[in-house]
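A.B. asks: Contents are mmCIF, C-alpha atoms; file name input_0.cif:
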```cif
data_model
loop_
_atom_site.group_PDB
_atom_site.id
_atom_site.type_symbol
_atom_site.label_atom_id
_atom_site.label_comp_id
_atom_site.auth_asym_id
_atom_site.auth_seq_id
_atom_site.Cartn_x
_atom_site.Cartn_y
_atom_site.Cartn_z
ATOM 1 C CA MET A 1 -175.648 97.317 -44.088
ATOM 2 C CA ALA A 2 -176.320 100.843 -42.841
ATOM 3 C CA ALA A 3 -173.982 103.680 -43.772
ATOM 4 C CA THR A 4 -171.887 105.126 -40.967
ATOM 5 C CA GLY A 5 -170.588 108.722 -41.003
ATOM 6 C CA ARG A 6 -171.190 111.279 -43.739
ATOM 7 C CA ARG A 7 -170.531 110.140 -47.296
ATOM 8 C CA SER A 8 -169.819 112.188 -50.420
ATOM 9 C CA VAL A 9 -172.572 112.224 -53.025
ATOM 10 C CA GLY A 10 -170.015 113.111 -55.688
ATOM 11 C CA LEU A 11 -167.839 110.097 -54.901
ATOM 12 C CA ALA A 12 -170.863 107.786 -54.901
ATOM 13 C CA VAL A 13 -171.853 109.076 -58.353
ATOM 14 C CA ILE A 14 -168.297 108.707 -59.721
ATOM 15 C CA TYR A 15 -167.979 105.159 -58.377
ATOM 16 C CA SER A 16 -171.289 104.140 -59.961
ATOM 17 C CA LEU A 17 -170.396 105.753 -63.278
ATOM 18 C CA LEU A 18 -167.135 103.784 -63.311
ATOM 19 C CA LEU A 19 -168.716 100.492 -62.213
ATOM 20 C CA PRO A 20 -172.441 100.295 -61.498
ATOM 21 C CA GLY A 21 -173.139 99.196 -57.949
ATOM 22 C CA MET A 22 -169.908 100.526 -56.491
ATOM 23 C CA GLY A 23 -171.548 103.807 -55.488
ATOM 24 C CA GLU A 24 -174.144 101.818 -53.556
ATOM 25 C CA LEU A 25 -171.355 99.806 -51.920
ATOM 26 C CA TYR A 26 -169.666 103.070 -50.939
ATOM 27 C CA ALA A 27 -172.978 104.326 -49.549
ATOM 28 C CA GLY A 28 -173.122 101.241 -47.330
ATOM 29 C CA ASP A 29 -176.110 99.583 -49.029
ATOM 30 C CA TYR A 30 -175.080 97.150 -51.755
ATOM 31 C CA GLY A 31 -178.527 95.498 -51.683
ATOM 32 C CA SER A 32 -179.731 97.348 -54.777
ATOM 33 C CA GLY A 33 -176.209 97.897 -56.132
ATOM 34 C CA LYS A 34 -175.672 94.212 -56.799
ATOM 35 C CA TYR A 35 -178.403 94.312 -59.441
ATOM 36 C CA PHE A 36 -176.655 97.159 -61.267
ATOM 37 C CA THR A 37 -173.344 95.290 -61.081
ATOM 38 C CA GLY A 38 -174.991 92.104 -62.346
ATOM 39 C CA ALA A 39 -176.736 93.963 -65.163
ATOM 40 C CA ASP A 40 -173.417 95.535 -66.170
ATOM 41 C CA GLY A 41 -171.744 92.130 -66.355
ATOM 42 C CA VAL A 42 -174.592 90.680 -68.402
ATOM 43 C CA LEU A 43 -174.563 93.668 -70.756
ATOM 44 C CA TRP A 44 -170.793 93.397 -71.322
ATOM 45 C CA LEU A 45 -171.177 89.690 -72.080
ATOM 46 C CA GLY A 46 -174.073 90.519 -74.388
ATOM 47 C CA LEU A 47 -172.029 93.181 -76.162
ATOM 48 C CA GLY A 48 -169.228 90.700 -76.750
ATOM 49 C CA ALA A 49 -171.633 88.027 -77.978
ATOM 50 C CA VAL A 50 -173.475 90.379 -80.346
ATOM 51 C CA ASP A 51 -170.219 91.760 -81.753
ATOM 52 C CA LEU A 52 -168.759 88.276 -82.209
ATOM 53 C CA HIS A 53 -171.931 87.065 -83.932
ATOM 54 C CA ALA A 54 -172.014 90.124 -86.214
ATOM 55 C CA ARG A 55 -168.372 89.603 -87.219
ATOM 56 C CA SER A 56 -169.032 85.922 -87.921
ATOM 57 C CA MET A 57 -172.049 86.797 -90.087
ATOM 58 C CA ARG A 58 -170.041 89.418 -91.992
ATOM 59 C CA ASP A 59 -167.085 87.096 -92.557
ATOM 60 C CA ASP A 60 -169.336 84.256 -93.746
ATOM 61 C CA ALA A 61 -171.095 86.595 -96.183
ATOM 62 C CA ARG A 62 -167.792 87.907 -97.541
ATOM 63 C CA THR A 63 -166.415 84.396 -97.996
ATOM 64 C CA PHE A 64 -169.590 83.473 -99.870
ATOM 65 C CA ALA A 65 -169.207 86.566 -102.088
ATOM 66 C CA ALA A 66 -165.562 85.867 -102.915
ATOM 67 C CA LEU A 67 -166.451 82.295 -103.881
ATOM 68 C CA HIS A 68 -169.485 83.090 -106.028
ATOM 69 C CA ALA A 69 -168.339 86.412 -107.518
ATOM 70 C CA ASP A 70 -164.839 85.134 -108.297
ATOM 71 C CA PHE A 71 -162.650 87.807 -106.678
ATOM 72 C CA ASN A 72 -159.687 87.918 -104.328
ATOM 73 C CA PRO A 73 -160.947 89.257 -100.952
ATOM 74 C CA SER A 74 -157.514 90.474 -99.868
ATOM 75 C CA GLY A 75 -157.419 94.195 -99.111
ATOM 76 C CA ARG A 76 -161.061 94.895 -99.982
ATOM 77 C CA ASP A 77 -162.868 97.611 -98.036
ATOM 78 C CA ASP A 78 -166.499 97.811 -96.926
ATOM 79 C CA THR A 79 -167.487 99.936 -99.943
ATOM 80 C CA TYR A 80 -166.213 97.271 -102.312
ATOM 81 C CA TYR A 81 -168.302 94.606 -100.587
ATOM 82 C CA ILE A 82 -171.381 96.836 -100.757
ATOM 83 C CA ASN A 83 -170.857 97.390 -104.493
ATOM 84 C CA VAL A 84 -170.287 93.679 -105.098
ATOM 85 C CA GLY A 85 -173.691 93.031 -103.543
ATOM 86 C CA ASN A 86 -175.430 95.640 -105.703
ATOM 87 C CA PHE A 87 -174.069 94.779 -109.169
ATOM 88 C CA ASP A 88 -173.657 91.519 -111.077
ATOM 89 C CA ASP A 89 -170.165 92.488 -112.245
ATOM 90 C CA VAL A 90 -167.589 95.252 -112.176
ATOM 91 C CA TYR A 91 -168.655 96.477 -115.626
ATOM 92 C CA GLY A 92 -172.242 97.034 -114.512
ATOM 93 C CA TYR A 93 -170.969 99.000 -111.523
ATOM 94 C CA ASN A 94 -168.628 101.118 -113.720
ATOM 95 C CA GLU A 95 -171.444 101.875 -116.161
ATOM 96 C CA GLN A 96 -173.628 103.139 -113.309
ATOM 97 C CA ALA A 97 -170.762 105.242 -111.925
ATOM 98 C CA LEU A 98 -170.318 106.862 -115.355
ATOM 99 C CA ARG A 99 -174.070 107.518 -115.655
ATOM 100 C CA ASP A 100 -173.919 109.190 -112.240
ATOM 101 C CA ARG A 101 -170.873 111.219 -113.414
ATOM 102 C CA ASP A 102 -168.761 109.714 -110.644
ATOM 103 C CA ALA A 103 -165.749 108.759 -112.744
ATOM 104 C CA TYR A 104 -163.523 108.928 -109.657
ATOM 105 C CA LYS A 105 -165.421 105.908 -108.270
ATOM 106 C CA LEU A 106 -164.574 103.632 -111.213
ATOM 107 C CA TYR A 107 -162.859 100.319 -110.529
ATOM 108 C CA ASP A 108 -160.033 98.981 -112.680
ATOM 109 C CA PRO A 109 -161.406 95.614 -113.868
ATOM 110 C CA ALA A 110 -157.901 94.158 -113.821
ATOM 111 C CA SER A 111 -157.463 94.739 -110.073
ATOM 112 C CA ALA A 112 -161.029 94.953 -108.764
ATOM 113 C CA TRP A 113 -162.702 92.257 -110.836
ATOM 114 C CA TRP A 114 -165.914 90.510 -109.857
ATOM 115 C CA ARG A 115 -168.648 88.653 -111.728
ATOM 116 C CA TRP A 116 -171.411 86.743 -109.983
ATOM 117 C CA ASP A 117 -172.140 83.193 -111.096
ATOM 118 C CA ALA A 118 -175.877 83.799 -110.506
ATOM 119 C CA THR A 119 -178.038 86.791 -109.634
ATOM 120 C CA ALA A 120 -179.734 84.696 -106.933
ATOM 121 C CA ASN A 121 -176.357 84.252 -105.198
ATOM 122 C CA ARG A 122 -175.711 87.992 -105.356
ATOM 123 C CA GLU A 123 -179.097 88.684 -103.774
ATOM 124 C CA LEU A 124 -178.478 86.062 -101.092
ATOM 125 C CA TYR A 125 -175.109 87.655 -100.304
ATOM 126 C CA ARG A 126 -176.671 91.114 -100.141
ATOM 127 C CA ASP A 127 -179.304 89.860 -97.687
ATOM 128 C CA ARG A 128 -176.584 88.292 -95.529
ATOM 129 C CA ARG A 129 -174.489 91.469 -95.607
ATOM 130 C CA VAL A 130 -177.480 93.604 -94.598
ATOM 131 C CA ALA A 131 -178.280 91.161 -91.769
ATOM 132 C CA SER A 132 -174.709 91.427 -90.459
ATOM 133 C CA ASP A 133 -174.930 95.249 -90.583
ATOM 134 C CA ALA A 134 -178.165 95.085 -88.590
ATOM 135 C CA MET A 135 -176.449 92.873 -86.014
ATOM 136 C CA PHE A 136 -173.601 95.403 -85.727
ATOM 137 C CA ASN A 137 -176.225 98.103 -85.121
ATOM 138 C CA ASN A 138 -177.504 96.068 -82.158
ATOM 139 C CA THR A 139 -174.168 96.700 -80.430
ATOM 140 C CA ARG A 140 -175.105 100.394 -80.239
ATOM 141 C CA PHE A 141 -178.236 99.483 -78.310
ATOM 142 C CA VAL A 142 -176.222 97.426 -75.812
ATOM 143 C CA VAL A 143 -173.735 100.298 -75.383
ATOM 144 C CA ALA A 144 -176.682 102.640 -74.711
ATOM 145 C CA ALA A 145 -178.014 100.171 -72.133
ATOM 146 C CA LEU A 146 -174.579 100.156 -70.435
ATOM 147 C CA ALA A 147 -174.692 103.959 -70.211
ATOM 148 C CA VAL A 148 -178.263 103.962 -68.856
ATOM 149 C CA ASN A 149 -177.308 101.360 -66.249
ATOM 150 C CA ARG A 150 -174.458 103.594 -65.062
ATOM 151 C CA VAL A 151 -176.659 106.675 -64.836
ATOM 152 C CA LEU A 152 -179.373 104.828 -62.911
ATOM 153 C CA SER A 153 -176.801 103.373 -60.542
ATOM 154 C CA ALA A 154 -175.312 106.842 -59.998
ATOM 155 C CA ILE A 155 -178.754 108.290 -59.216
ATOM 156 C CA ASN A 156 -179.503 105.431 -56.841
ATOM 157 C CA ALA A 157 -176.113 105.757 -55.116
ATOM 158 C CA ALA A 158 -176.589 109.508 -54.676
ATOM 159 C CA ARG A 159 -180.047 108.894 -53.216
ATOM 160 C CA LEU A 160 -178.634 106.329 -50.786
ATOM 161 C CA VAL A 161 -175.880 108.702 -49.645
ATOM 162 C CA VAL A 162 -178.314 111.585 -49.147
ATOM 163 C CA SER A 163 -180.699 109.287 -47.280
ATOM 164 C CA GLY A 164 -177.906 107.864 -45.132
ATOM 165 C CA ASN A 165 -176.534 111.307 -44.372
ATOM 166 C CA ARG A 166 -179.971 112.496 -43.213
ATOM 167 C CA GLU A 167 -180.511 109.400 -41.035
ATOM 168 C CA GLY A 168 -184.113 108.355 -41.024
ATOM 169 C CA SER A 169 -185.410 110.701 -43.686
ATOM 170 C CA GLY A 170 -188.415 108.586 -44.758
ATOM 171 C CA GLY A 171 -189.016 105.635 -46.994
ATOM 172 C CA VAL A 172 -186.418 103.845 -49.064
ATOM 173 C CA ILE A 173 -186.524 104.309 -52.847
ATOM 174 C CA ASP A 174 -185.164 101.549 -55.081
ATOM 175 C CA ILE A 175 -184.289 102.112 -58.730
ATOM 176 C CA GLY A 176 -183.828 99.145 -61.070
ATOM 177 C CA ALA A 177 -183.236 98.435 -64.749
ATOM 178 C CA ARG A 178 -183.260 95.367 -66.941
ATOM 179 C CA VAL A 179 -182.879 94.638 -70.645
ATOM 180 C CA LEU A 180 -186.038 93.343 -72.319
ATOM 181 C CA GLY A 181 -185.502 90.414 -74.674
ATOM 182 C CA GLY A 182 -182.100 89.482 -73.228
ATOM 183 C CA PRO A 183 -178.626 90.661 -74.244
ATOM 184 C CA ILE A 184 -178.563 88.800 -77.579
ATOM 185 C CA HIS A 185 -181.884 90.147 -78.916
ATOM 186 C CA PRO A 186 -182.539 93.338 -76.920
ATOM 187 C CA HIS A 187 -185.660 95.305 -77.728
ATOM 188 C CA GLY A 188 -185.966 97.699 -74.805
ATOM 189 C CA ILE A 189 -185.012 98.675 -71.286
ATOM 190 C CA ALA A 190 -187.415 98.362 -68.358
ATOM 191 C CA LEU A 191 -186.896 100.913 -65.590
ATOM 192 C CA SER A 192 -188.535 100.533 -62.199
ATOM 193 C CA ILE A 193 -188.733 102.897 -59.243
ATOM 194 C CA THR A 194 -190.252 101.635 -55.983
ATOM 195 C CA ARG A 195 -190.597 103.251 -52.584
ATOM 196 C CA GLN A 196 -190.930 101.326 -49.368
ATOM 197 C CA PHE A 197 -192.814 102.916 -46.477
#
```
What would the structure in this file look like if it were written as structure tokens?
C.D. replies:
Amino acid sequence: MAATGRRSVGLAVIYSLLLPGMGELYAGDYGSGKYFTGADGVLWLGLGAVDLHARSMRDDARTFAALHADFNPSGRDDTYYINVGNFDDVYGYNEQALRDRDAYKLYDPASAWWRWDATANRELYRDRRVASDAMFNNTRFVVAALAVNRVLSAINAARLVVSGNREGSGGVIDIGARVLGGPIHPHGIALSITRQF
């Protein structure tokens, strides 16, 4: 659909920053905007899926640790779970803290007890905890992709408004973006710029 009347570049940019594709709709050409809107929806679903998977991995690892290291998981913070994965028992951790002259980091064995039933289980837990942390880090990549999608949509919407306001100012330029590897296992963003003559 062709744009009619003069449009505001600023409004087109703001609309696309709020919801990719809406700036293009405002400019009167949702043809390319629908891809930005679709990408935004896929990225939000991907963000939710990655976060949910990361939380599930973390919770499973912590349940495994509580079972095999014989401690009550109630009220434990992330630092405690990291330390549980690095030491066979609370005494080994406290000895290391004293060697490092970090007496303020000592745990009271009566309230922060743990002792692994096997070193192999501790190492398995540590691997699972690290894997869940890596999955949480993937959420940052998806958030970055959401931001890039908004910026590209804003640039495209501004271009459409300027082009529509000039009426017949040359070829049409399309800007597109997609996530490589899908939203669950992203490994890059592909940007494309094409001009039709």
A.B. asks: Which is closer to A:Pro73 than all the others in A:Ala112, A:Ala54, A:Ala103, A:Leu45, using only C-alpha atoms?
C.D. replies: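 Using only C-alpha atoms, A:Pro73 sits closest to A:Ala112.
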A.B. asks: Applying 9 Å and all atoms listed in the file, which residues near stretch 60-65 of chain A remain after dropping the ones on its own chain fewer than 3 positions away? List them as a list in words.
C.D. replies: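 Close residues of stretch 60-65 of chain A: Arg55, Ser56, Met57, His68, Ala69, Asp70, Phe71, Pro73, Tyr81, Val84, Gly85, Trp116, Asn121, Arg122, Leu124, Tyr125, Arg126, Asp127, Arg128, Arg129 and Ser132 of chain A.
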A.B. asks: Mind working out the centre and edge lengths of an axis-aligned box for stretch 18-21 of chain A, all listed atoms inside, 8 Å added to each side, rounded to one decimal in Å and written as AutoDock Vina command-line options?
C.D. replies:
```
--center_x -170.1 --center_y 101.5 --center_z -60.6 --size_x 22.0 --size_y 20.6 --size_z 21.4
```
A.B. asks: Choose the residue, out of A:Leu67, A:Val13, A:Val142, A:Ile189, that has the smallest atom-to-atom separation from A:Arg115; count all atoms listed in the file.
C.D. replies: A:Leu67
A.B. asks: Considering all atoms listed in the file, can you say which of A:Glu24, A:Asp108, A:Glu123, A:Asp40 comes closest to A:Phe87?
C.D. replies: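 For A:Phe87, the nearest of the given residues is A:Glu123.
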A.B. asks: Work out how far atom CA of A:Asp59 is from atom CA of A:Phe136, in Å to one decimal.
C.D. replies: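 Separation of atom CA of A:Phe136 and atom CA of A:Asp59: 12.6 Å.
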A.B. asks: Point out the residue among A:Pro20, A:Ala157, A:Tyr30, A:Val50 with the least atom-to-atom distance to A:Ala134, counting only C-alpha atoms.
C.D. replies: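 Counting only C-alpha atoms, the residue closest to A:Ala134 is A:Val50.
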A.B. asks: To one decimal place in Å, what is the distance between atom CA of A:Gly23 and atom CA of A:Asn156?
C.D. replies: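 That distance, rounded to one decimal, is 8.2 Å.
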A.B. asks: Any idea what's packed within 10 Å of A:Leu25, counting all atoms listed in the file, ignoring anything in its chain fewer than 4 positions away? Could you give it as a list in words?
C.D. replies: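 Result of the neighbour search: Met1, Ala3, Ala12, Tyr15, Ser16, Pro20, Gly21, Asp29, Tyr30, Gly31, Ser32, Gly33, Lys34, Ala157 and Leu160 of chain A.
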A.B. asks: With C-alpha atoms retained, could you export that selection as a CSV table (one decimal), in the frame of the given file?
C.D. replies:
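Writing the result to out-v9.csv gives the following:
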```csv
chain,number,residue,atom,x,y,z
A,1,MET,CA,-175.6,97.3,-44.1
A,3,ALA,CA,-174.0,103.7,-43.8
A,12,ALA,CA,-170.9,107.8,-54.9
A,15,TYR,CA,-168.0,105.2,-58.4
A,16,SER,CA,-171.3,104.1,-60.0
A,20,PRO,CA,-172.4,100.3,-61.5
A,21,GLY,CA,-173.1,99.2,-57.9
A,29,ASP,CA,-176.1,99.6,-49.0
A,30,TYR,CA,-175.1,97.2,-51.8
A,31,GLY,CA,-178.5,95.5,-51.7
A,32,SER,CA,-179.7,97.3,-54.8
A,33,GLY,CA,-176.2,97.9,-56.1
A,34,LYS,CA,-175.7,94.2,-56.8
A,157,ALA,CA,-176.1,105.8,-55.1
A,160,LEU,CA,-178.6,106.3,-50.8
```
A.B. asks: Between A:Arg58, A:Asp88, A:Leu18, A:Gly38, which one has atoms that come closest to A:Ala120, using all atoms listed in the file?
C.D. replies: A:Asp88
A.B. asks: Pick out the residues sitting within 7 Å of A:Val161, and hand them over as a list of chain:residue names; count all atoms listed in the file, and ignore anything fewer than 4 positions along from it in its own chain.
C.D. replies: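 What passes the distance filter is A:Arg7, A:Val9, A:Ala27, A:Ala157, A:Asn165.
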